[in-house]
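input-v1.cif follows (mmCIF, C-alpha atoms):
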```cif
data_input
loop_
_atom_site.label_atom_id
_atom_site.label_comp_id
_atom_site.auth_asym_id
_atom_site.auth_seq_id
_atom_site.Cartn_x
_atom_site.Cartn_y
_atom_site.Cartn_z
CA MET A 24 65.87 40.58 -20.72
CA GLY A 25 68.92 40.33 -18.47
CA GLN A 26 70.82 37.34 -17.17
CA THR A 27 69.43 34.50 -15.09
CA ALA A 28 71.12 33.68 -11.81
CA GLY A 29 71.61 30.03 -11.14
CA CYS A 30 70.24 26.89 -12.64
CA ALA A 31 66.72 26.92 -13.89
CA GLY A 32 64.40 24.50 -12.26
CA LEU A 33 61.10 23.54 -10.83
CA LEU A 34 60.38 22.81 -7.22
CA ARG A 35 58.87 19.53 -6.22
CA PRO A 36 55.11 19.60 -5.72
CA PRO A 37 54.30 20.57 -2.11
CA GLU A 38 53.53 17.02 -1.00
CA GLU A 39 57.06 15.99 -2.02
CA LEU A 40 58.98 18.92 -0.52
CA ASN A 41 60.49 18.51 2.92
CA GLU A 42 62.19 21.67 4.20
CA SER A 43 64.95 19.66 5.88
CA ASP A 44 65.89 17.26 3.07
CA GLU A 45 67.99 19.64 0.95
CA LYS A 46 70.89 21.90 1.90
CA PRO A 47 70.51 25.61 1.18
CA ARG A 48 73.38 25.49 -1.33
CA LEU A 49 71.50 22.86 -3.35
CA ARG A 50 68.35 24.96 -3.23
CA ARG A 51 70.24 27.89 -4.66
CA ARG A 52 70.84 26.22 -8.01
CA LEU A 53 69.45 22.79 -8.77
CA SER A 54 65.93 21.71 -9.54
CA LEU A 55 64.56 20.06 -6.39
CA VAL A 56 62.93 17.08 -8.05
CA SER A 57 65.25 14.21 -7.16
CA LYS A 58 62.55 12.03 -5.63
CA LEU A 59 60.43 12.13 -8.78
CA VAL A 60 63.00 11.92 -11.57
CA ASP A 61 63.02 8.85 -13.82
CA THR A 62 66.28 6.95 -13.36
CA LYS A 63 66.68 6.04 -17.01
CA GLY A 64 68.67 8.26 -19.34
CA THR A 65 71.93 9.17 -21.02
CA ASP A 66 75.17 8.50 -19.17
CA ASP A 67 78.09 10.74 -18.15
CA LEU A 68 80.14 12.56 -20.81
CA THR A 69 78.94 11.55 -24.26
CA LYS A 70 78.43 12.74 -27.81
CA ALA A 71 74.93 11.22 -27.51
CA GLY A 72 75.14 9.85 -31.03
CA TYR A 73 76.49 12.85 -32.95
CA SER A 74 79.73 12.88 -34.94
CA ASP A 75 80.75 14.76 -38.08
CA SER A 76 82.19 11.48 -39.37
CA ASN A 77 78.77 9.79 -39.24
CA LEU A 78 77.01 12.22 -41.56
CA ASN A 79 75.48 10.97 -44.81
CA PRO A 80 76.69 12.45 -48.14
CA GLU A 81 73.90 15.05 -48.27
CA GLU A 82 74.60 16.21 -44.72
CA THR A 83 78.33 16.34 -45.37
CA LYS A 84 77.73 18.49 -48.43
CA ALA A 85 75.45 20.81 -46.44
CA LYS A 86 78.02 21.09 -43.63
CA ALA A 87 80.64 22.22 -46.19
CA HIS A 88 83.65 23.83 -44.44
CA MET A 89 81.99 24.09 -41.03
CA LYS A 90 82.94 21.82 -38.13
CA CYS A 91 80.80 20.80 -35.17
CA GLY A 92 81.36 19.26 -31.77
CA VAL A 93 78.82 18.15 -29.16
CA ARG A 94 79.07 16.99 -25.57
CA THR A 95 76.45 16.36 -22.89
CA ARG A 96 76.96 15.17 -19.32
CA LYS A 97 74.43 14.28 -16.70
CA GLY A 98 74.64 16.05 -13.37
CA LYS A 99 75.02 14.77 -9.84
CA VAL A 100 72.58 15.36 -6.99
CA PRO A 101 73.14 13.96 -3.48
CA GLY A 102 70.61 11.25 -2.70
CA ASN A 103 69.89 10.50 -6.36
CA PRO A 104 72.90 8.70 -7.91
CA ASN A 105 70.84 7.47 -10.86
CA LYS A 106 69.31 10.78 -11.93
CA VAL A 107 68.58 11.21 -15.61
CA ASN A 108 70.28 13.70 -17.91
CA GLN A 109 67.44 16.07 -18.81
CA ASP A 110 69.48 18.07 -21.33
CA ARG A 111 69.11 17.47 -25.06
CA PHE A 112 70.59 19.03 -28.21
CA ILE A 113 69.96 19.37 -31.95
CA VAL A 114 72.41 19.37 -34.85
CA LYS A 115 70.77 19.06 -38.26
CA TRP A 116 72.42 19.90 -41.58
CA GLY A 117 70.48 20.59 -44.79
CA LEU A 118 67.14 21.27 -43.12
CA LYS A 119 64.23 20.80 -45.52
CA GLY A 120 66.69 19.49 -48.09
CA VAL A 121 68.21 22.95 -48.55
CA GLN A 122 72.00 22.78 -48.50
CA ASP A 123 72.53 26.19 -46.92
CA VAL A 124 70.10 25.71 -44.00
CA ALA A 125 71.14 24.16 -40.68
CA LEU A 126 69.69 23.89 -37.18
CA PHE A 127 71.58 23.85 -33.86
CA GLY A 128 70.27 24.02 -30.32
CA ALA A 129 70.44 23.13 -26.63
CA PHE A 130 67.46 22.24 -24.43
CA ASP A 131 67.54 22.01 -20.65
CA GLY A 132 64.66 19.99 -19.21
CA HIS A 133 63.44 20.51 -15.66
CA GLY A 134 60.80 19.03 -13.39
CA PRO A 135 59.87 15.39 -12.79
CA GLN A 136 59.59 14.62 -16.52
CA GLY A 137 61.79 17.35 -17.95
CA HIS A 138 63.73 14.84 -20.04
CA VAL A 139 60.49 13.75 -21.70
CA ILE A 140 59.66 17.35 -22.65
CA SER A 141 63.16 18.19 -23.93
CA GLN A 142 63.24 14.99 -25.97
CA TYR A 143 59.81 15.75 -27.41
CA VAL A 144 61.01 19.17 -28.54
CA VAL A 145 64.19 17.75 -30.11
CA ASP A 146 62.18 15.08 -31.93
CA ASN A 147 59.54 17.46 -33.27
CA LEU A 148 61.03 20.94 -33.72
CA PRO A 149 62.78 20.10 -37.02
CA LYS A 150 59.53 18.72 -38.43
CA TYR A 151 57.57 21.87 -37.59
CA LEU A 152 60.29 24.09 -39.02
CA GLU A 153 60.50 22.07 -42.23
CA ALA A 154 56.72 22.34 -42.61
CA GLN A 155 56.96 26.14 -42.92
CA GLU A 156 56.85 27.22 -46.56
CA ASN A 157 58.58 30.51 -45.69
CA LEU A 158 61.48 28.87 -43.84
CA VAL A 159 64.11 30.32 -46.17
CA LYS A 160 62.37 33.52 -47.24
CA ASP A 161 61.22 34.63 -43.78
CA PRO A 162 62.97 32.54 -41.10
CA THR A 163 61.76 34.72 -38.20
CA ALA A 164 58.11 34.23 -39.09
CA ALA A 165 58.73 30.54 -39.75
CA ILE A 166 60.33 30.06 -36.32
CA LEU A 167 57.47 31.80 -34.52
CA GLU A 168 54.82 29.74 -36.30
CA ALA A 169 56.69 26.45 -35.91
CA ASN A 170 57.28 27.12 -32.22
CA LYS A 171 53.61 27.97 -31.68
CA LYS A 172 52.43 24.77 -33.35
CA LEU A 173 55.01 22.67 -31.52
CA CYS A 174 53.92 23.98 -28.13
CA ALA A 175 50.23 23.47 -28.93
CA ARG A 176 50.91 19.89 -29.99
CA LEU A 177 53.00 19.25 -26.89
CA THR A 178 50.06 20.30 -24.71
CA ALA A 179 47.76 17.95 -26.62
CA ASP A 180 50.15 15.02 -26.48
CA LYS A 181 51.67 15.48 -23.00
CA LYS A 182 48.97 17.26 -21.03
CA GLU A 183 49.68 15.57 -17.70
CA THR A 184 53.45 15.30 -18.22
CA GLU A 185 53.91 19.01 -18.81
CA ARG A 186 52.01 20.21 -15.73
CA TYR A 187 55.12 20.35 -13.57
CA SER A 188 57.76 19.72 -16.26
CA GLY A 189 59.25 21.71 -19.10
CA THR A 190 62.38 22.72 -20.95
CA THR A 191 64.37 25.73 -22.02
CA ALA A 192 65.10 26.11 -25.72
CA VAL A 193 67.86 28.04 -27.43
CA TYR A 194 68.22 27.16 -31.08
CA GLY A 195 69.70 28.74 -34.16
CA LEU A 196 68.58 28.47 -37.75
CA LYS A 197 71.48 29.17 -40.10
CA VAL A 198 70.17 30.37 -43.45
CA GLY A 199 72.94 31.35 -45.82
CA ASN A 200 75.17 33.85 -44.02
CA LYS A 201 72.67 34.66 -41.26
CA LEU A 202 71.89 33.13 -37.91
CA TYR A 203 68.35 33.37 -36.55
CA VAL A 204 68.56 32.50 -32.85
CA ALA A 205 65.40 31.79 -30.89
CA ASN A 206 65.51 31.71 -27.10
CA ILE A 207 63.05 30.56 -24.44
CA GLY A 208 64.46 30.42 -20.91
CA ASP A 209 68.02 30.60 -19.66
CA SER A 210 70.11 28.46 -21.97
CA ARG A 211 72.34 30.65 -24.13
CA CYS A 212 73.92 31.20 -27.55
CA VAL A 213 77.05 33.25 -28.22
CA VAL A 214 79.12 33.98 -31.32
CA CYS A 215 82.89 34.30 -30.92
CA THR A 216 84.48 36.90 -33.19
CA ARG A 217 88.16 37.39 -33.89
CA VAL A 218 89.51 40.86 -33.06
CA GLY A 219 93.03 41.29 -34.36
CA LEU A 220 95.48 38.38 -34.39
CA GLU A 221 95.09 37.05 -30.86
CA SER A 222 91.91 38.39 -29.25
CA PHE A 223 88.27 37.34 -29.40
CA ALA A 224 85.10 39.22 -28.59
CA THR A 225 81.77 37.56 -27.93
CA VAL A 226 78.32 38.55 -29.12
CA ALA A 227 75.39 37.21 -27.10
CA LEU A 228 72.59 36.09 -29.40
CA SER A 229 70.20 35.38 -26.55
CA GLU A 230 69.19 37.00 -23.28
CA ASP A 231 68.27 34.88 -20.28
CA HIS A 232 64.61 35.10 -19.29
CA LYS A 233 64.33 35.65 -15.54
CA PRO A 234 61.16 36.38 -13.53
CA GLU A 235 62.54 39.54 -11.85
CA ASP A 236 63.21 41.27 -15.17
CA PRO A 237 60.74 44.20 -15.09
CA GLU A 238 59.01 43.39 -18.37
CA GLU A 239 58.76 39.68 -17.60
CA LYS A 240 57.58 40.34 -14.04
CA ARG A 241 54.82 42.68 -15.22
CA ARG A 242 53.43 39.95 -17.46
CA ILE A 243 53.49 37.39 -14.65
CA LEU A 244 51.88 39.70 -12.09
CA ALA A 245 49.20 40.72 -14.59
CA ALA A 246 48.34 37.03 -15.04
CA GLY A 247 47.90 36.57 -11.29
CA GLY A 248 51.29 35.10 -10.41
CA ARG A 249 53.87 36.05 -7.81
CA VAL A 250 57.63 36.52 -8.19
CA HIS A 251 60.07 36.06 -5.30
CA PRO A 252 62.80 33.66 -4.15
CA LEU A 253 62.08 30.46 -2.27
CA LYS A 254 61.29 31.20 1.37
CA GLY A 255 62.36 28.62 3.94
CA PHE A 256 64.18 27.94 7.16
CA TYR A 257 67.27 29.67 5.77
CA GLY A 258 65.44 32.81 4.62
CA ASN A 259 65.20 33.69 0.95
CA GLN A 260 67.07 31.11 -1.11
CA GLY A 261 68.40 31.36 -4.64
CA PRO A 262 66.90 32.98 -7.71
CA HIS A 263 63.51 34.58 -8.09
CA ARG A 264 60.80 32.08 -8.98
CA VAL A 265 57.26 32.09 -10.33
CA TRP A 266 54.45 31.07 -7.96
CA LEU A 267 50.67 30.80 -8.07
CA ALA A 268 48.75 33.57 -6.33
CA LYS A 269 47.91 31.61 -3.17
CA GLU A 270 50.09 28.50 -3.34
CA ASP A 271 53.86 28.12 -3.22
CA ILE A 272 53.99 26.17 -6.45
CA PRO A 273 55.41 25.61 -9.04
CA GLY A 274 58.53 27.69 -8.23
CA LEU A 275 59.86 27.97 -11.77
CA ALA A 276 63.15 29.89 -11.89
CA MET A 277 62.62 31.36 -15.36
CA SER A 278 59.93 33.46 -16.99
CA ARG A 279 59.74 31.58 -20.30
CA SER A 280 59.78 27.87 -21.04
CA ILE A 281 58.21 25.15 -23.13
CA GLY A 282 55.78 22.97 -21.17
CA ASP A 283 55.25 23.93 -17.49
CA ALA A 284 51.47 24.21 -17.86
CA LEU A 285 50.95 25.27 -14.25
CA ALA A 286 53.50 28.09 -14.52
CA HIS A 287 52.05 29.16 -17.86
CA SER A 288 48.67 29.67 -16.14
CA VAL A 289 50.27 32.63 -14.33
CA GLY A 290 52.11 34.33 -17.16
CA VAL A 291 55.14 32.21 -18.03
CA SER A 292 55.49 32.34 -21.83
CA ASP A 293 56.64 29.98 -24.56
CA ILE A 294 57.09 32.74 -27.16
CA PRO A 295 60.75 33.03 -28.16
CA ASP A 296 62.84 36.13 -28.50
CA ILE A 297 64.63 35.99 -31.86
CA GLN A 298 67.91 37.71 -32.70
CA VAL A 299 69.34 37.89 -36.22
CA HIS A 300 73.10 37.92 -36.77
CA GLU A 301 74.87 38.31 -40.08
CA ILE A 302 77.88 35.99 -40.19
CA HIS A 303 81.11 37.74 -41.18
CA SER A 304 84.50 36.20 -41.96
CA THR A 305 85.72 37.22 -38.49
CA ASP A 306 82.95 35.19 -36.80
CA LYS A 307 84.75 31.96 -36.00
CA PHE A 308 82.56 30.00 -33.57
CA ALA A 309 78.97 29.77 -32.36
CA VAL A 310 78.09 28.00 -29.11
CA TRP A 311 74.70 26.84 -27.87
CA ALA A 312 74.72 25.56 -24.28
CA SER A 313 72.56 24.87 -21.25
CA ASP A 314 73.08 26.96 -18.13
CA GLY A 315 75.21 24.18 -16.68
CA VAL A 316 77.95 25.81 -18.75
CA TRP A 317 77.16 29.49 -18.25
CA ASP A 318 76.70 29.41 -14.47
CA PHE A 319 80.48 29.15 -14.04
CA ILE A 320 82.11 29.87 -17.40
CA SER A 321 81.98 33.31 -19.01
CA ASN A 322 81.27 33.94 -22.68
CA LYS A 323 84.89 35.05 -23.11
CA GLU A 324 86.28 31.89 -21.50
CA VAL A 325 84.20 29.77 -23.86
CA ALA A 326 85.65 31.72 -26.81
CA MET A 327 89.19 31.08 -25.57
CA ILE A 328 88.52 27.36 -25.21
CA CYS A 329 87.18 27.21 -28.76
CA GLN A 330 90.25 29.05 -30.05
CA ALA A 331 92.65 26.80 -28.15
CA ASN A 332 91.05 23.65 -29.54
CA ALA A 333 90.39 24.77 -33.13
CA PRO A 334 89.90 23.13 -35.54
CA ASP A 335 88.90 20.29 -33.18
CA MET A 336 85.37 21.31 -32.22
CA ASP A 337 84.78 17.94 -30.61
CA GLY A 338 87.69 18.69 -28.30
CA ALA A 339 86.34 22.19 -27.65
CA ALA A 340 82.94 20.85 -26.62
CA ALA A 341 84.50 18.24 -24.33
CA THR A 342 86.80 20.82 -22.73
CA ILE A 343 83.93 23.23 -22.07
CA VAL A 344 81.77 20.55 -20.46
CA ASN A 345 84.60 19.08 -18.38
CA HIS A 346 85.70 22.53 -17.18
CA ALA A 347 82.13 23.41 -16.22
CA CYS A 348 81.81 20.12 -14.35
CA LYS A 349 84.95 20.84 -12.33
CA MET A 350 83.72 24.32 -11.49
CA TRP A 351 80.42 22.92 -10.23
CA GLU A 352 82.25 20.40 -8.05
CA GLN A 353 84.55 23.06 -6.61
CA ASN A 354 81.86 25.66 -5.95
CA GLU A 355 78.68 23.74 -5.23
CA GLY A 356 79.29 20.10 -4.37
CA VAL A 357 76.52 19.26 -6.83
CA ILE A 358 76.60 19.27 -10.62
CA ASP A 359 73.94 20.39 -13.09
CA ASP A 360 73.35 18.62 -16.38
CA ILE A 361 75.78 20.23 -18.85
CA THR A 362 75.43 20.35 -22.64
CA CYS A 363 77.02 22.34 -25.43
CA VAL A 364 77.06 22.45 -29.22
CA VAL A 365 80.09 24.16 -30.76
CA VAL A 366 80.18 25.11 -34.46
CA GLN A 367 83.18 26.53 -36.28
CA LEU A 368 81.61 28.95 -38.75
CA ASN A 369 84.76 30.02 -40.60
CA ASP A 370 88.34 28.85 -40.87
CA MET A 371 90.80 30.39 -38.43
#
```

Show me the file's structure as structure tokens.
Amino acid sequence: MGQTAGCAGLLRPPEELNESDEKPRLRRRLSLVSKLVDTKGTDDLTKAGYSDSNLNPEETKAKAHMKCGVRTRKGKVPGNPNKVNQDRFIVKWGLKGVQDVALFGAFDGHGPQGHVISQYVVDNLPKYLEAQENLVKDPTAAILEANKKLCARLTADKKETERYSGTTAVYGLKVGNKLYVANIGDSRCVVCTRVGLESFATVALSEDHKPEDPEEKRRILAAGGRVHPLKGFYGNQGPHRVWLAKEDIPGLAMSRSIGDALAHSVGVSDIPDIQVHEIHSTDKFAVWASDGVWDFISNKEVAMICQANAPDMDGAAATIVNHACKMWEQNEGVIDDITCVVVQLNDM
């Protein structure tokens, strides 16, 4: 589906958008919702409660030789010093009580209540996956059905909240020696594979969903939507976005998401693409991260950071997030929410 340029995001509803209150650079990347965002949320660089050392005996047994590190950091937007971190993540070992099944993922909320949507998905996705009888025998079918039921329940439970708010979702179900990676939006998963003694290659297990991708655009246009960048005093600004036929809303900068009811009325989809990857002994790391990482750090750079920090995956995750934060500061003057989950699949 191609690669998404810039941070995902949702424009403020028209009554909240003032053409002069944001610089063009800010428009290019960040979600323009600062006046509506709840000011409660997670703080700065944090593990947000996850640590390998805090696992119970069953989880430790399921984790086996693998190591995991997590970091999440809220962004910075001028004029909104107390903005909430809308990113969330999942790390769950021994899903459904099966030792060889694990779940990892990153979720990038956007819109006024994006943190509510991403948290809802993190809280409920494992439950819907565990409810699938074919989770181990047919993980692809199980993911599709669980995702469908999750999204339907979200609409029932959060009908008003999800009108202008949503989340990306990139998550991987590890079943035995295979990874089943589902992607909705522009967060990303990569596997880092050793090539020879010193080098690493990366395998992308997701493709960013962007509105200008021909296949995605056809679906949106057929549903009555429009696709073009934001038009303003500075001309076209930033990535292509999804708009209603006759109104310049909602301005979603991705073609698939969870939530975003208004955007879904004109062809935005919550159906994931799923890629299957067989894990070999040369596959050393897997990384799930929000686009706050990928906007400025390449897949290869992430692999090198993981290698340099191994076997300390906690250190790898912290280094990735801190490096991304510095790149945002140097290049944009604003900082997106940044989250990554790093898993060492095999010993070095």

Step by step, work through what the PyMOL selection byres ((chain A and resi 169-176) around 12) selects in the shown file, and finish by giving those residues as number ranges by chain. A: 140-141, 143-158, 162-168, 177-182, 185, 189-190, 192-194, 205-207, 280-284, 287, 292-297

A:Gly92, A:Pro80, A:Gly195, A:Gly248: which is nearest Ala341 in chain A, counting all atoms listed in the file?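 Answer, going by the shortest atom-to-atom distance: A:Gly92.
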
Here's the selection I'm unsure about, the PyMOL selection byres ((chain A and resi 240-242) around 12); applied to the file above, which residues does it give, as a ChimeraX atom specification? /A:24,232-239,243-251,263-266,277-279,287-292

Selection from above, C-alpha atoms, as an mmCIF file, in the frame of the given file, can you write it?
```cif
data_model
loop_
_atom_site.group_PDB
_atom_site.id
_atom_site.type_symbol
_atom_site.label_atom_id
_atom_site.label_comp_id
_atom_site.auth_asym_id
_atom_site.auth_seq_id
_atom_site.Cartn_x
_atom_site.Cartn_y
_atom_site.Cartn_z
ATOM 1 C CA MET A 24 65.870 40.580 -20.720
ATOM 2 C CA HIS A 232 64.610 35.100 -19.290
ATOM 3 C CA LYS A 233 64.330 35.650 -15.540
ATOM 4 C CA PRO A 234 61.160 36.380 -13.530
ATOM 5 C CA GLU A 235 62.540 39.540 -11.850
ATOM 6 C CA ASP A 236 63.210 41.270 -15.170
ATOM 7 C CA PRO A 237 60.740 44.200 -15.090
ATOM 8 C CA GLU A 238 59.010 43.390 -18.370
ATOM 9 C CA GLU A 239 58.760 39.680 -17.600
ATOM 10 C CA ILE A 243 53.490 37.390 -14.650
ATOM 11 C CA LEU A 244 51.880 39.700 -12.090
ATOM 12 C CA ALA A 245 49.200 40.720 -14.590
ATOM 13 C CA ALA A 246 48.340 37.030 -15.040
ATOM 14 C CA GLY A 247 47.900 36.570 -11.290
ATOM 15 C CA GLY A 248 51.290 35.100 -10.410
ATOM 16 C CA ARG A 249 53.870 36.050 -7.810
ATOM 17 C CA VAL A 250 57.630 36.520 -8.190
ATOM 18 C CA HIS A 251 60.070 36.060 -5.300
ATOM 19 C CA HIS A 263 63.510 34.580 -8.090
ATOM 20 C CA ARG A 264 60.800 32.080 -8.980
ATOM 21 C CA VAL A 265 57.260 32.090 -10.330
ATOM 22 C CA TRP A 266 54.450 31.070 -7.960
ATOM 23 C CA MET A 277 62.620 31.360 -15.360
ATOM 24 C CA SER A 278 59.930 33.460 -16.990
ATOM 25 C CA ARG A 279 59.740 31.580 -20.300
ATOM 26 C CA HIS A 287 52.050 29.160 -17.860
ATOM 27 C CA SER A 288 48.670 29.670 -16.140
ATOM 28 C CA VAL A 289 50.270 32.630 -14.330
ATOM 29 C CA GLY A 290 52.110 34.330 -17.160
ATOM 30 C CA VAL A 291 55.140 32.210 -18.030
ATOM 31 C CA SER A 292 55.490 32.340 -21.830
#
```

Target residues per the PyMOL selection byres ((chain A and resi 133) around 6), formatted as an mmCIF file with C-alpha atoms, in the coordinates of the input:
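Saved result, part17.cif, follows:
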```
data_model
loop_
_atom_site.group_PDB
_atom_site.id
_atom_site.type_symbol
_atom_site.label_atom_id
_atom_site.label_comp_id
_atom_site.auth_asym_id
_atom_site.auth_seq_id
_atom_site.Cartn_x
_atom_site.Cartn_y
_atom_site.Cartn_z
ATOM 1 C CA GLY A 32 64.400 24.500 -12.260
ATOM 2 C CA GLY A 132 64.660 19.990 -19.210
ATOM 3 C CA GLY A 134 60.800 19.030 -13.390
ATOM 4 C CA GLY A 137 61.790 17.350 -17.950
ATOM 5 C CA SER A 188 57.760 19.720 -16.260
ATOM 6 C CA GLY A 189 59.250 21.710 -19.100
ATOM 7 C CA THR A 190 62.380 22.720 -20.950
#
```

Ranking A:Ala340, A:Cys212, A:Ala268, A:Leu368 by minimum distance to Asn200 in chain A and counting all atoms listed in the file, which one comes first?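 Looking only at the distances to Asn200 in chain A, the closest residue turns out to be A:Leu368.
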
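Across A:Phe127, A:Phe112, A:Phe308, A:Tyr187, the tightest approach to Ala286 in chain A is made by A:Tyr187 when counting all atoms listed in the file.
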
Can you pull out the residues contacting Glu82 in chain A? Cut-off 9 Å, using all atoms listed in the file, and skip same-chain residues under 5 positions away; I want them as a tab-separated table (two decimals) with C-alpha atoms, keeping the file's coordinate frame.
```tsv
chain	number	residue	atom	x	y	z
A	87	ALA	CA	80.64	22.22	-46.19
A	115	LYS	CA	70.77	19.06	-38.26
A	116	TRP	CA	72.42	19.90	-41.58
A	117	GLY	CA	70.48	20.59	-44.79
A	122	GLN	CA	72.00	22.78	-48.50
```

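Taking CA of Arg217 in chain A as the reference point, CA of Leu202 in chain A is found at 17.3 Å.
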
Counting only C-alpha atoms, the residue of A:Glu183, A:Thr191, A:Val364, A:Ala347 that sits nearest Tyr73 in chain A: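 Result for the nearest residue to Tyr73 in chain A: A:Val364.
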
Have a look at CA of Cys363 in chain A and CA of Ala326 in chain A and let me know their distance in Å, one decimal.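 So the two atoms, CA of Cys363 in chain A and CA of Ala326 in chain A, lie 12.8 Å apart.
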
Distance CA of Val198 in chain A-CA of Asp161 in chain A, one decimal place?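 Straight-line distance from CA of Val198 in chain A to CA of Asp161 in chain A works out to 9.9 Å.
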
Near Gly98 in chain A, within 9 Å and counting only C-alpha atoms, which residues show up once chain neighbours fewer than 3 positions away are dropped, as a PyMOL selection string? chain A and resi 67+106-108+315+348+357-361

Using C-alpha atoms, can you write the selected residues to a file as a PDB file, in the coordinates of the input?
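Listing of result_15.pdb after writing:
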```
ATOM      1  CA  ASP A  67      78.090  10.740 -18.150  1.00  0.00           C
ATOM      2  CA  LYS A 106      69.310  10.780 -11.930  1.00  0.00           C
ATOM      3  CA  VAL A 107      68.580  11.210 -15.610  1.00  0.00           C
ATOM      4  CA  ASN A 108      70.280  13.700 -17.910  1.00  0.00           C
ATOM      5  CA  GLY A 315      75.210  24.180 -16.680  1.00  0.00           C
ATOM      6  CA  CYS A 348      81.810  20.120 -14.350  1.00  0.00           C
ATOM      7  CA  VAL A 357      76.520  19.260  -6.830  1.00  0.00           C
ATOM      8  CA  ILE A 358      76.600  19.270 -10.620  1.00  0.00           C
ATOM      9  CA  ASP A 359      73.940  20.390 -13.090  1.00  0.00           C
ATOM     10  CA  ASP A 360      73.350  18.620 -16.380  1.00  0.00           C
ATOM     11  CA  ILE A 361      75.780  20.230 -18.850  1.00  0.00           C
TER      12      ILE A 361
END
```
